[in-house]
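In what follows, a single structure is set out as structure tokens and then discussed.
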Amino acid sequence: MAADYGKAVCPMNAPMIQAPAQEMLKLLEELAVFSAPGAGVTRLLYTPEWSRAQFFLQERMAGLGLEVVSDNVGNVYGKLTGRNPEDKVILTGSHIDTVINGGKYDGAYGIAAAVTALHYLQQTFGQPLRTLKAVSFCEEEGSRFPLTFWGSGHVTGLYDGSEAEACADSEGVTLEAAMVECGIGMGIRSDKAESGDKSGSGTVGMGSTARRNDIGAFVELHIEQGIILEKTAKQIGVVQAIAGQRRFMVEVCGTANHAGTTPMHMRQDALAGAAEMLLALEGLAAEAGEPLVATSGRLEVLPNTPNVIPGEVLFTLDIRHSEEEELEAFCDCILAAFKGIAARRGLTLKIMPRLSASPAPMDGGLTGMLESICRNQGRTYRNMVSGAGHDAQLFAPQCPTAMIFVPSRAGISHSPEEYSSPEELAAGLDVLTALLYELAYK
Ligand SMILES: [Zn+2]
């Protein structure tokens with residue numbers, strides 16, 4: 001019965017597990033076709049192109065011999081049942097949605113690689129010891145509705161569906177209505193968490209409750225969306241942590257007055273004050289050093305008139321770091337600096353917190369395995385922090401979680417220009433496949 005299993009070769013000793021990259025690349029191209037018109041790929045949650053992509057994936061998974069399972073928010077799974085059903089599931093995948101005019105790699109790469117890896121492992125080594133699942137999460141980007149992680153957030157319990165009624169897209173379509181239009185979400189709010197599969201009907205969103213308590217490890221393969229791997233000429237990024245974030249809205253108030261009649265020493269110019277604050281932000285962030293990053297991406301000036309001294313400025317702050325204490329300390333420091341600048345200039349200052357997300361450290365055991373796999377496969381790699389948010393950050397507090405990055409050309413993503421070479425994508429697939437082998441077959 002398990003005759004073939006003895007042929008399984010440990011990738012630590014025989015490192016060149018080379019999953020069929022062509023199959024993955026083809027799947028990636030096929031997925032890119034499911035897009036709204038326009039440049040790049042636009043596949044927003046619960047739109048017709050989104051539905052077609054998830055249906056296509058289900059058919060492909062089934063065709064490759066995976067058992068298809070879907071849940072009531074539209075997450076799609078391809079399952080390879082293990083010989084030890086009491087063991088927890090090894091889950092890998094990413095999100096199927098994109099930003100508007102995005103690229104074809106963000107999210108879809110992690111799904112195409114997951115499906116290909118499972119197919120390859122099954123073909124090569126037979127039934128795993130532990131159940132393997134490839135997942136296509138329904139949503140991560142927050143591009144259509146004003147929330148993010150709608151897929152993995154249901155799997156991990158961040159959402160329970162009650163959010164769907166009050167949340168609407170820019171056309172006024174509620175999330176709930178969009179789900180119903182797709183045939184998804186019936187009875188979602190009465191669902192209770194459960195650990196087993198109520199196995200799929202093969203129809204997106206008509207399957208079991210999304211919440212899962214049976215996940216033993218989550219692994220996400222993703223493009224870097226930054227320029228570090230390319231700049232340092234590394235094939236693989238072993239993510240150590242996903243950065244935590246703090247966002248604030250800052251309001252600076254001075255006095256709007258005549259630009260011609262008010263002497264320079266008699267002004268309370270809110271924009272000049274804000275400018276000094278933003279330069280302080282840049283300087284202090286540079287002093288703090290990597291991996292801290294701090295950005296002010298939006299600024300509103302009132303009355304925003306050429307011949308009036310600005311009376312009021314509103315600007316955003318986005319601050320990220322992989323260590324909670326460092327993040328907290330930098331925020332305290334920058335807000336104190338802002339207060340000092342405001343006081344000296346006779347301006348009033350209001351700081352309004354908008355978001356606080358803790359850093360998500362990846363599992364040390366899994367990152368160690370990834371480093372060994374890279375060394376054994378003869379691949380160049382570096383340990384790094386992800387400054388961008390990912391589905392993996394929701395799993396990290398709940399189960400051992402790992403992320404693998406491959407280079408993004410010129411660091412560009414969320415753009416039709418997004419690109420990673422077939423060789424780079426294939427290297428990520430091989431590392432993922434070897435890790436899944438370690439987790440599910442040994
Ligand atoms: Zn992504």
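Order determines the names: the first chain of the structure tokens is A, the second B, and so forth; residues in each chain are numbered 1 upward, and ligands are numbered 1 upward as they are shown.
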Write out as a PyMOL selection string all residues of range 76-318 of chain A that backbone DSSP assigns to strand (DSSP E or B).
-> chain A and resi 76-80+89-95+102+132-137+168+174+194+208+212+215-223+236-242+244-253+257-258+293-295+299-302+308-309+312-318
Got a sec to check which residues lie within 10 Å of ligand 1, using only C-alpha atoms and all ligand atoms, and send them as a PDB file with C-alpha atoms, in the first residue's frame?
```pdb
ATOM      1  CA  SER A  94      -2.029  33.416  -1.490  1.00  0.00           C
ATOM      2  CA  HIS A  95      -4.775  35.759  -2.729  1.00  0.00           C
ATOM      3  CA  ILE A  96      -6.571  35.768  -6.108  1.00  0.00           C
ATOM      4  CA  ASP A  97      -7.685  39.419  -6.057  1.00  0.00           C
ATOM      5  CA  THR A  98      -5.565  42.262  -7.425  1.00  0.00           C
ATOM      6  CA  VAL A  99      -5.413  46.030  -7.159  1.00  0.00           C
ATOM      7  CA  TYR A 105       2.262  37.974 -10.090  1.00  0.00           C
ATOM      8  CA  ASP A 106       1.052  39.568  -6.850  1.00  0.00           C
ATOM      9  CA  GLY A 107      -0.991  36.843  -5.151  1.00  0.00           C
ATOM     10  CA  ALA A 108      -1.513  34.665  -8.221  1.00  0.00           C
ATOM     11  CA  TYR A 109       2.100  33.470  -8.127  1.00  0.00           C
ATOM     12  CA  GLY A 110       1.648  32.016  -4.627  1.00  0.00           C
ATOM     13  CA  GLU A 139      -9.382  38.825  -1.122  1.00  0.00           C
ATOM     14  CA  GLU A 140      -6.398  40.550   0.437  1.00  0.00           C
ATOM     15  CA  GLU A 141      -5.828  43.930  -1.219  1.00  0.00           C
ATOM     16  CA  GLU A 220       3.108  31.855   1.481  1.00  0.00           C
ATOM     17  CA  LEU A 221       5.279  32.321  -1.592  1.00  0.00           C
ATOM     18  CA  HIS A 222       5.086  35.868  -2.975  1.00  0.00           C
ATOM     19  CA  ILE A 223       6.954  38.376  -5.092  1.00  0.00           C
ATOM     20  CA  GLU A 224       9.004  40.771  -2.978  1.00  0.00           C
ATOM     21  CA  GLN A 225       7.327  43.967  -4.253  1.00  0.00           C
ATOM     22  CA  ALA A 388       4.156  45.162   2.925  1.00  0.00           C
ATOM     23  CA  GLY A 389       1.258  43.371   4.557  1.00  0.00           C
ATOM     24  CA  HIS A 390       0.406  39.799   3.528  1.00  0.00           C
ATOM     25  CA  ASP A 391      -2.095  37.050   4.350  1.00  0.00           C
ATOM     26  CA  SER A 413       4.493  46.003  -8.124  1.00  0.00           C
ATOM     27  CA  HIS A 414       0.802  46.946  -8.063  1.00  0.00           C
TER      28      HIS A 414
END
```
Within 12 Å of range 37-50 of chain A, which residues of range 417-436 of chain A come that close, and what is the closest atom pair and distance in Å for each? Count only C-alpha atoms and give it as a tab-separated table.
```
residue	atom	partner	partner_atom	distance
A:Glu417	CA	A:Gly40	CA	7.8
A:Glu418	CA	A:Gly40	CA	8.8
A:Tyr419	CA	A:Gly40	CA	11.2
```
Tell me, as a ChimeraX atom specification, which residues lie within 10 Å of range 55-63 of chain A, counting only C-alpha atoms; anything in the same chain fewer than 5 positions away does not count.
-> /A:27,30-31,34,49-50,68-70,74,76-79,96,111-112,115-116,118-119,134-136,202-204
Atoms kept (C-alpha atoms) for selection, written as a compact mmCIF listing (two decimals), in the first residue's frame:
```
# COMPACT_ATOMS: atom_id res chain seq x y z
CA LEU A 27 -1.12 28.50 -14.88
CA GLU A 30 -3.93 31.47 -17.65
CA LEU A 31 -4.97 33.27 -14.46
CA PHE A 34 -9.27 36.79 -15.90
CA GLU A 49 -13.64 38.05 -13.64
CA TRP A 50 -12.96 37.12 -10.02
CA VAL A 68 -11.66 20.71 -4.31
CA VAL A 69 -13.07 22.39 -1.23
CA SER A 70 -14.58 25.87 -1.12
CA GLY A 74 -15.27 32.16 -1.74
CA VAL A 76 -10.94 27.87 -2.77
CA TYR A 77 -8.82 24.94 -1.63
CA GLY A 78 -7.17 22.03 -3.44
CA LYS A 79 -6.57 19.22 -0.99
CA ILE A 96 -6.57 35.77 -6.11
CA ILE A 111 -1.48 30.19 -5.78
CA ALA A 112 -0.04 28.85 -9.04
CA VAL A 115 -1.16 24.07 -6.90
CA THR A 116 1.89 23.01 -8.92
CA LEU A 118 1.02 19.77 -4.54
CA HIS A 119 0.55 18.17 -7.93
CA ALA A 134 -3.33 24.82 -1.70
CA VAL A 135 -5.49 27.86 -1.07
CA SER A 136 -6.68 30.73 -3.24
CA GLY A 202 -17.23 22.16 -6.05
CA THR A 203 -18.99 25.50 -6.29
CA VAL A 204 -17.29 28.65 -5.13
```
For Trp150 in chain A, which of A:Val313, A:Val33, A:Val431, A:Leu175 is the closest residue, counting only C-alpha atoms?
-> A:Leu175
Nearby residues (only C-alpha atoms) at most 12 Å from range 166-172 of chain A, same-chain spacing under 4 positions excluded, as number ranges by chain = A: 44-47, 142-148, 150, 161-162, 176-179
Those in range 88-334 of chain A with helix (DSSP H, G or I) from DSSP, as a VMD selection string | chain A and resid 108 to 125 150 to 156 162 to 164 175 to 181 188 to 190 228 to 231 264 to 266 270 to 288 324 to 334
Pick out the residues sitting within 10 Å of Ser296 in chain A, and hand them over as a VMD selection string; count only C-alpha atoms, and ignore anything fewer than 4 positions along from it in its own chain.
-> chain A and resid 247 to 250 278 281 to 282 315 to 319
In terms of the shortest atom-to-atom distance over only C-alpha atoms, which of A:Met264, A:Val301, A:Gly387, A:Asp214 is closest to Gln245 in chain A?
->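 Closest residue, counting only C-alpha atoms: A:Gly387.
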Could you work out how far CA of Pro20 in chain A lies from CA of Gly378 in chain A, giving the answer in Å with one decimal?
->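 CA of Pro20 in chain A lies at a distance of 18.0 Å from CA of Gly378 in chain A.
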For CA of Tyr441 in chain A and CA of Pro85 in chain A, the interatomic separation in Å (one decimal) = 13.1 Å
Just how far from CA of Ile242 in chain A is CA of Gln393 in chain A, in Å to one decimal?
->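 One can read the CA of Gln393 in chain A to CA of Ile242 in chain A distance as 6.5 Å.
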Could you tell me which of A:Gly346, A:Ser372, A:Leu302, A:Leu284 comes closest to Cys331 in chain A if we count only C-alpha atoms?
->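 Using only C-alpha atoms, Cys331 in chain A sits closest to A:Leu284.
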